[in-house]
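Enquirer: This one is protein-v4.cif, mmCIF, C-alpha atoms and all ligand atoms.
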```cif
data_protein
#
loop_
_atom_site.label_atom_id
_atom_site.label_comp_id
_atom_site.auth_asym_id
_atom_site.auth_seq_id
_atom_site.Cartn_x
_atom_site.Cartn_y
_atom_site.Cartn_z
CA MET A 24 -1.71 7.07 25.77
CA GLY A 25 0.07 5.68 22.75
CA ASP A 26 -0.17 2.02 21.93
CA TRP A 27 3.14 0.27 22.54
CA THR A 28 4.38 -1.86 19.67
CA PRO A 29 7.22 -4.35 19.94
CA ASP A 30 10.53 -4.46 18.13
CA ILE A 31 10.01 -7.26 15.62
CA GLU A 32 13.70 -8.03 15.28
CA ARG A 33 13.98 -8.58 19.02
CA LEU A 34 10.96 -10.86 18.91
CA GLN A 35 12.52 -12.81 16.07
CA THR A 36 15.60 -13.50 18.20
CA TYR A 37 13.33 -14.76 21.03
CA HIS A 38 14.21 -11.88 23.32
CA ASP A 39 12.57 -12.79 26.69
CA GLU A 40 11.84 -9.28 27.91
CA GLU A 41 10.32 -8.16 24.62
CA TRP A 42 7.98 -11.15 24.58
CA MET A 43 7.00 -10.58 28.22
CA GLN A 44 6.13 -7.00 27.33
CA VAL A 45 4.06 -8.29 24.40
CA GLU A 46 2.03 -10.47 26.76
CA ARG A 47 1.50 -7.65 29.24
CA ALA A 48 0.47 -5.24 26.50
CA TYR A 49 -1.83 -7.50 24.47
CA CYS A 50 -3.24 -10.02 26.94
CA GLY A 51 -6.23 -7.86 27.85
CA ARG A 52 -7.49 -7.25 24.34
CA LEU A 53 -7.03 -10.90 23.33
CA MET A 54 -8.93 -11.98 26.44
CA ALA A 55 -11.67 -9.53 25.49
CA TYR A 56 -11.88 -11.00 21.98
CA VAL A 57 -11.98 -14.57 23.27
CA GLY A 58 -14.36 -13.59 26.06
CA ARG A 59 -17.00 -12.61 23.53
CA ARG A 60 -16.86 -16.07 21.98
CA ILE A 61 -15.92 -18.65 24.61
CA ASP A 62 -17.79 -18.83 27.89
CA ASP A 63 -15.53 -21.23 29.80
CA SER A 64 -12.85 -19.23 31.62
CA GLN A 65 -10.28 -22.05 31.66
CA ALA A 66 -10.70 -22.52 27.92
CA ARG A 67 -10.26 -18.78 27.39
CA GLU A 68 -6.94 -18.83 29.18
CA ASP A 69 -5.81 -21.87 27.21
CA VAL A 70 -6.70 -20.20 23.92
CA VAL A 71 -4.89 -16.96 24.80
CA GLN A 72 -1.82 -18.92 25.84
CA GLU A 73 -1.92 -20.82 22.55
CA VAL A 74 -2.10 -17.52 20.72
CA PHE A 75 1.12 -16.27 22.27
CA LEU A 76 2.90 -19.56 21.65
CA GLY A 77 1.64 -19.51 18.06
CA ALA A 78 2.92 -15.96 17.75
CA VAL A 79 6.39 -17.03 18.91
CA ARG A 80 6.42 -19.93 16.44
CA GLY A 81 5.30 -17.80 13.52
CA ILE A 82 7.30 -14.65 14.17
CA GLY A 83 10.08 -15.67 11.79
CA SER A 84 7.72 -15.17 8.87
CA PHE A 85 6.01 -12.02 10.21
CA ASP A 86 4.64 -10.01 7.29
CA PRO A 87 5.35 -6.28 7.78
CA MET A 88 2.30 -5.45 5.69
CA TYR A 89 0.28 -6.02 8.86
CA THR A 90 0.62 -4.38 12.22
CA PHE A 91 1.75 -6.61 15.05
CA GLU A 92 -1.71 -6.29 16.59
CA GLN A 93 -3.32 -7.55 13.38
CA TYR A 94 -0.87 -10.46 13.38
CA LEU A 95 -1.89 -11.43 16.94
CA PHE A 96 -5.61 -10.98 16.32
CA GLY A 97 -5.36 -13.14 13.19
CA ILE A 98 -3.85 -15.98 15.21
CA CYS A 99 -6.39 -15.39 17.97
CA ARG A 100 -9.29 -15.70 15.58
CA ASN A 101 -7.94 -18.98 14.17
CA ARG A 102 -7.32 -20.46 17.62
CA THR A 103 -10.81 -19.47 18.70
CA ILE A 104 -12.30 -21.20 15.66
CA ASP A 105 -10.16 -24.30 16.35
CA HIS A 106 -11.40 -24.40 19.92
CA LEU A 107 -15.06 -24.01 18.94
CA ARG A 108 -14.63 -26.71 16.29
CA ARG A 109 -13.14 -29.16 18.76
CA ARG A 110 -15.90 -28.40 21.23
CA LYS A 111 -18.53 -28.93 18.57
CA ALA A 112 -16.93 -32.24 17.57
CA ARG A 113 -17.26 -33.36 21.18
CA GLY A 114 -20.90 -32.34 21.07
CA VAL A 115 -20.67 -29.78 23.86
CA GLY A 116 -21.47 -26.12 23.85
CA THR A 117 -23.40 -25.86 20.63
CA SER A 118 -25.00 -22.49 20.21
CA GLN A 119 -28.21 -23.53 22.02
CA ASP A 120 -26.69 -24.30 25.39
CA SER A 121 -23.92 -21.73 25.56
CA SER A 122 -24.91 -18.41 27.01
CA GLU A 123 -27.14 -16.56 24.59
CA SER A 124 -24.96 -13.48 24.21
CA LEU A 125 -22.05 -15.42 22.72
CA PRO A 126 -21.83 -15.98 18.99
CA GLY A 127 -21.28 -19.64 18.12
CA LEU A 128 -18.86 -21.21 15.72
CA ASP A 129 -21.36 -20.87 12.92
CA ASP A 130 -21.46 -17.11 13.35
CA ILE A 131 -17.71 -16.77 13.10
CA MET A 132 -17.48 -19.20 10.20
CA THR A 133 -20.33 -17.54 8.31
CA GLU A 134 -18.56 -14.25 8.64
CA GLU A 135 -15.53 -15.88 7.07
CA GLU A 136 -17.40 -17.45 4.20
CA THR A 137 -19.36 -14.45 2.97
CA PRO A 138 -17.89 -12.75 -0.08
CA SER A 139 -16.99 -9.70 1.94
CA GLY A 140 -15.44 -11.88 4.64
CA VAL A 141 -11.98 -11.69 5.99
CA VAL A 142 -9.50 -12.31 3.28
CA SER A 143 -7.53 -15.50 3.43
CA GLU A 144 -3.77 -15.41 3.69
CA ARG A 145 -3.57 -17.04 0.29
CA ASP A 146 -5.50 -14.20 -1.37
CA LEU A 147 -3.37 -11.56 0.22
CA ALA A 148 -0.21 -13.32 -0.84
CA SER A 149 -0.36 -11.79 -4.28
CA GLN A 150 1.63 -8.65 -4.64
CA GLY A 151 -1.21 -6.83 -6.33
CA GLN A 152 -3.40 -7.38 -3.32
CA GLU A 153 -0.71 -6.04 -1.00
CA LEU A 154 -0.40 -2.89 -3.06
CA LEU A 155 -4.15 -2.54 -3.04
CA VAL A 156 -4.19 -2.69 0.76
CA GLU A 157 -1.52 0.01 0.92
CA VAL A 158 -3.41 2.25 -1.47
CA LEU A 159 -6.70 1.84 0.39
CA ARG A 160 -4.94 2.58 3.67
CA GLU A 161 -3.43 5.73 2.21
CA TRP A 162 -6.85 6.84 1.01
CA VAL A 163 -8.39 6.24 4.45
CA GLN A 164 -5.62 8.22 6.13
CA GLU A 165 -5.87 11.20 3.82
CA THR A 166 -9.66 11.22 4.03
CA TRP A 167 -9.44 11.12 7.85
CA GLN A 168 -6.92 13.99 7.82
CA LEU A 169 -9.16 16.05 5.57
CA GLY A 170 -11.96 15.55 8.10
CA GLU A 171 -14.20 13.98 5.43
CA PHE A 172 -15.84 11.51 7.77
CA THR A 173 -19.11 11.15 5.90
CA ARG A 174 -17.20 10.23 2.77
CA LEU A 175 -15.14 7.78 4.81
CA MET A 176 -18.27 6.15 6.29
CA VAL A 177 -19.98 5.88 2.90
CA ILE A 178 -16.98 4.09 1.40
CA GLU A 179 -16.62 1.95 4.53
CA ALA A 180 -20.31 0.98 4.26
CA LEU A 181 -19.85 -0.03 0.60
CA PHE A 182 -16.44 -1.75 0.81
CA HIS A 183 -16.51 -3.14 4.33
CA GLY A 184 -20.22 -3.64 4.90
CA GLY A 185 -21.14 -4.49 1.30
CA TRP A 186 -24.12 -2.13 1.58
CA ARG A 187 -26.19 -1.22 -1.43
CA ASN A 188 -26.31 2.38 -2.63
CA ARG A 189 -29.95 2.74 -1.66
CA ASP A 190 -29.39 1.69 1.96
CA THR A 191 -26.31 3.86 2.17
CA TRP A 192 -27.87 7.17 1.11
CA LYS A 193 -30.71 6.72 3.58
CA ARG A 194 -28.39 5.94 6.46
CA PHE A 195 -26.28 9.04 5.89
CA GLY A 196 -29.12 11.37 4.97
CA LEU A 197 -27.74 12.05 1.51
CA ARG A 198 -29.85 13.50 -1.30
CA ASP A 199 -30.36 10.22 -3.18
CA GLU A 200 -28.61 7.15 -4.54
CA THR A 201 -26.68 9.14 -7.10
CA ALA A 202 -24.97 11.02 -4.27
CA VAL A 203 -23.59 7.68 -3.10
CA ALA A 204 -22.56 6.73 -6.62
CA GLY A 205 -20.81 10.10 -6.92
CA ILE A 206 -18.84 9.61 -3.70
CA LYS A 207 -17.83 6.15 -4.86
CA PHE A 208 -16.86 7.41 -8.30
CA ARG A 209 -14.63 10.15 -6.86
CA ALA A 210 -13.06 7.78 -4.35
CA LEU A 211 -12.21 5.27 -7.07
CA LYS A 212 -10.74 8.02 -9.21
CA ARG A 213 -8.51 9.10 -6.34
CA LEU A 214 -7.58 5.48 -5.59
CA ARG A 215 -6.53 4.95 -9.18
CA LEU A 216 -4.29 8.00 -8.94
CA LEU A 217 -2.72 6.76 -5.71
CA ALA A 218 -2.29 3.31 -7.26
CA ASN A 219 -0.56 4.75 -10.31
CA ARG A 220 1.94 6.55 -8.12
CA ARG A 221 2.95 3.37 -6.38
CA ASP A 222 2.64 1.10 -9.33
CA PRO A 223 3.29 2.82 -12.66
CA SER A 224 3.29 -0.55 -14.44
CA GLY A 225 -0.43 -0.77 -13.71
CA THR A 226 -1.06 -4.22 -12.22
CA LEU A 227 -3.52 -2.72 -9.75
CA VAL A 228 -5.37 -0.38 -11.98
CA PRO A 229 -7.71 -2.86 -13.70
CA LYS A 230 -9.03 -3.88 -10.30
CA LEU A 231 -10.01 -0.35 -9.46
CA ALA A 232 -11.22 0.54 -12.93
CA GLU A 233 -13.96 -2.04 -12.95
CA ALA A 234 -15.09 -1.51 -9.42
CA THR A 235 -17.62 1.11 -10.40
CA GLY A 236 -20.98 -0.54 -10.89
CA GLU A 237 -23.76 -1.20 -8.41
CA GLY A 238 -23.51 -4.63 -6.84
CA ILE A 239 -20.38 -6.64 -6.47
CA SER A 240 -18.40 -7.53 -9.53
CA HIS A 241 -15.65 -10.10 -9.39
CA LEU A 242 -12.96 -7.45 -9.34
CA GLU A 243 -14.71 -5.36 -6.77
CA LEU A 244 -14.54 -8.37 -4.51
CA GLY A 245 -10.76 -7.92 -4.49
CA VAL A 246 -11.22 -4.35 -3.28
CA MET A 247 -13.62 -5.45 -0.56
CA GLN A 248 -11.32 -8.23 0.57
CA ALA A 249 -8.37 -5.88 0.71
CA TRP A 250 -10.42 -3.34 2.69
CA LYS A 251 -11.66 -5.85 5.21
CA GLY A 252 -8.76 -8.29 5.34
CA GLY A 253 -6.17 -5.53 5.42
CA ARG A 254 -8.22 -3.76 8.12
CA VAL A 255 -7.46 -0.54 6.33
CA SER A 256 -10.05 1.49 8.24
CA CYS A 257 -9.43 0.16 11.77
CA PRO A 258 -8.69 3.17 13.98
CA ALA A 259 -5.57 2.85 16.12
CA ARG A 260 -6.22 1.74 19.70
CA TYR A 261 -5.39 5.29 20.75
CA TRP A 262 -8.55 6.60 19.05
CA VAL A 263 -10.72 3.94 20.67
CA ALA A 264 -9.23 4.96 24.03
CA ARG A 265 -10.09 8.58 23.35
CA LEU A 266 -13.63 7.60 22.36
CA ILE A 267 -14.09 5.89 25.72
CA ALA A 268 -12.50 8.79 27.59
CA GLY A 269 -14.94 11.11 25.81
CA ASN A 270 -12.25 13.40 24.41
CA LEU A 271 -12.45 12.41 20.77
CA PRO A 272 -13.91 15.23 18.65
CA GLU A 273 -17.45 14.57 17.45
CA GLU A 274 -16.73 13.82 13.79
CA PRO A 275 -14.06 11.13 14.20
CA ALA A 276 -16.08 9.79 17.13
CA VAL A 277 -19.05 9.25 14.81
CA PHE A 278 -16.82 7.30 12.46
CA VAL A 279 -15.26 5.16 15.20
CA ARG A 280 -18.72 4.33 16.60
CA PHE A 281 -19.95 3.45 13.11
CA HIS A 282 -16.96 1.16 12.60
CA LEU A 283 -17.51 -0.54 15.97
CA ASP A 284 -21.29 -0.81 16.03
CA GLU A 285 -22.53 -0.88 12.46
CA MET A 286 -19.56 -2.51 10.76
CA GLY A 287 -19.15 -4.69 13.86
CA CYS A 288 -15.36 -4.89 13.55
CA ASP A 289 -14.46 -7.70 15.95
CA PHE A 290 -10.84 -6.65 16.54
CA CYS A 291 -11.77 -3.07 17.39
CA GLN A 292 -14.58 -4.32 19.63
CA ALA A 293 -12.03 -6.40 21.53
CA ASN A 294 -9.88 -3.30 22.02
CA HIS A 295 -12.94 -1.38 23.12
CA ASP A 296 -13.91 -4.06 25.67
CA ASP A 297 -10.36 -4.24 26.98
CA LEU A 298 -9.96 -0.47 27.31
CA GLY A 299 -13.41 -0.17 28.86
CA HIS A 300 -12.38 -2.11 31.94
CA MET A 301 -8.65 -1.56 31.89
CA GLU A 302 -8.23 -1.83 35.66
CA GLY A 303 -7.98 -5.33 36.96
CA THR A 304 -9.93 -7.57 34.58
CA VAL A 305 -6.87 -9.37 33.31
CA GLU A 306 -6.26 -11.92 35.99
CA ASP A 307 -2.71 -11.32 37.09
CA PRO A 308 -2.13 -14.90 38.29
CA PHE A 309 -3.02 -15.99 34.76
CA LEU A 310 -0.56 -13.54 33.21
CA GLU A 311 2.16 -14.73 35.60
CA ARG A 312 1.56 -18.42 34.88
CA MET A 313 1.48 -17.76 31.18
CA GLN A 314 4.68 -15.74 31.27
CA ALA A 315 6.50 -18.50 33.12
CA SER A 316 5.58 -21.06 30.48
CA THR A 317 6.33 -18.67 27.63
CA VAL A 318 9.84 -18.14 28.98
CA ASP A 319 10.37 -21.91 28.99
CA PHE A 320 9.12 -22.06 25.45
CA LEU A 321 11.35 -19.18 24.31
CA ARG A 322 14.41 -20.85 25.83
CA SER A 323 13.59 -24.07 23.97
CA GLN A 324 13.31 -22.07 20.73
CA VAL A 325 16.69 -20.44 21.29
CA VAL A 326 18.27 -23.82 21.99
CA SER A 327 16.77 -25.40 18.89
CA SER A 328 17.76 -22.52 16.62
CA GLU A 329 21.32 -22.76 17.98
CA GLU A 330 21.29 -26.49 17.23
CA ASP A 331 20.15 -25.68 13.69
CA ARG A 332 23.11 -23.43 13.25
CA ASP A 333 25.51 -26.10 14.49
CA GLU A 334 24.39 -28.51 11.85
ZN ZN B 401 -11.64 -2.36 13.20
#
```
With the file now loaded, output its structure as structure tokens.

Expert:
Amino acid sequence: MGDWTPDIERLQTYHDEEWMQVERAYCGRLMAYVGRRIDDSQAREDVVQEVFLGAVRGIGSFDPMYTFEQYLFGICRNRTIDHLRRRKARGVGTSQDSSESLPGLDDIMTEEETPSGVVSERDLASQGQELLVEVLREWVQETWQLGEFTRLMVIEALFHGGWRNRDTWKRFGLRDETAVAGIKFRALKRLRLLANRRDPSGTLVPKLAEATGEGISHLELGVMQAWKGGRVSCPARYWVARLIAGNLPEEPAVFVRFHLDEMGCDFCQANHDDLGHMEGTVEDPFLERMQASTVDFLRSQVVSSEEDRDE
């Protein structure tokens, strides 16, 4: 089962049917994301609806550097934080009285504020950072294709998890810390080569050149932010589906589990939750109600953009 992706140009012209298909295709995984963080079912539905309306409003400036799914999850995360903030301001549902399995606002915010946290839109706006994301993505893809999953996990642990060399070699049963340093050294060498191909003028190269020491240097932070914020190692939904179905070969399966469980990627966990109970958890009446109001909203957008043109 491939993961359907919408035609962005159709979305940008407020094409009803394309947007309806977006809601059908993505509602479940957004509900799963929100469901891990908000315990009130009415509030969950409100947040998911706001996400789709926010997606319609923002689609004109969609950045093709991201996948459409990343775009939606980014909005979903912000709306979830907004909701938890408002709730906290009203003094309800602080982390003590909400059900114990749900992370509170503080957990999500802390994740954002750590150095390795999700990169802000402002940071990614620079062209160098965009190129860096592309280069890291290319490296992940070629490493996956080569079947070098241990190497991929080691680099993921360092760049995504911010692990130290000494924790990393123990986790992967490597000889010692220098084995980790060696993997990192070779990866950075390869990344520099890939960067040079895309960017012969060399704006990216300094970033990668200095990212060699133990610990996190200022420049290495850029690499970590690009890795995490660009979600360069997130497996496509298809692979998560195969993991659940049990027909993913052992080596990639080990990586996908590592990414889900040890890196704790929240977007991939939402996909995993959604795929895990595909049949019938998305309340159809909710989807229908939401679609009706989205259509109204889309029509109002079309009318207002036509009015703009008339002026
Ligand atoms: Zn992920």

Enquirer: Which residues are near Ala66 in chain A? Cut-off 10 Å, all atoms listed in the file, ignore same chain within fewer than 4 positions. Put them as a compact mmCIF listing (two decimals) with C-alpha atoms, in the frame of the given file.

Expert:
```txt
# COMPACT_ATOMS: atom_id res chain seq x y z
CA VAL A 57 -11.98 -14.57 23.27
CA GLY A 58 -14.36 -13.59 26.06
CA ILE A 61 -15.92 -18.65 24.61
CA ASP A 62 -17.79 -18.83 27.89
CA VAL A 70 -6.70 -20.20 23.92
CA VAL A 71 -4.89 -16.96 24.80
CA GLN A 72 -1.82 -18.92 25.84
CA THR A 103 -10.81 -19.47 18.70
CA HIS A 106 -11.40 -24.40 19.92
```

Enquirer: Which one is closest to ligand ZN 401 (chain B): A:Glu179, A:Phe195, A:Leu216, A:Asp319? Count only C-alpha atoms and all ligand atoms.

Expert: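 Closest to ligand ZN 401 (chain B) of all the choices is A:Glu179.
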
Enquirer: Interatomic distance between CA of Arg260 in chain A and CA of Ala218 in chain A?

Expert: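 One can read the CA of Arg260 in chain A to CA of Ala218 in chain A distance as 27.3 Å.
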
Enquirer: Residues at most 9 Å from ligand ZN 401 (chain B), using only C-alpha atoms and all ligand atoms? Could they come as a VMD selection string?

Expert: chain A and resid 251 254 to 259 279 282 to 283 286 to 292

Enquirer: Report the centre and edge lengths, in Å to one decimal, of an axis-aligned box enclosing every atom of range 48-52 of chain A listed in the file, padded by 3 Å on each side, as lines of an AutoDock Vina configuration file.

Expert:
```
center_x = -3.5
center_y = -7.6
center_z = 26.1
size_x = 14.0
size_y = 10.8
size_z = 9.5
```
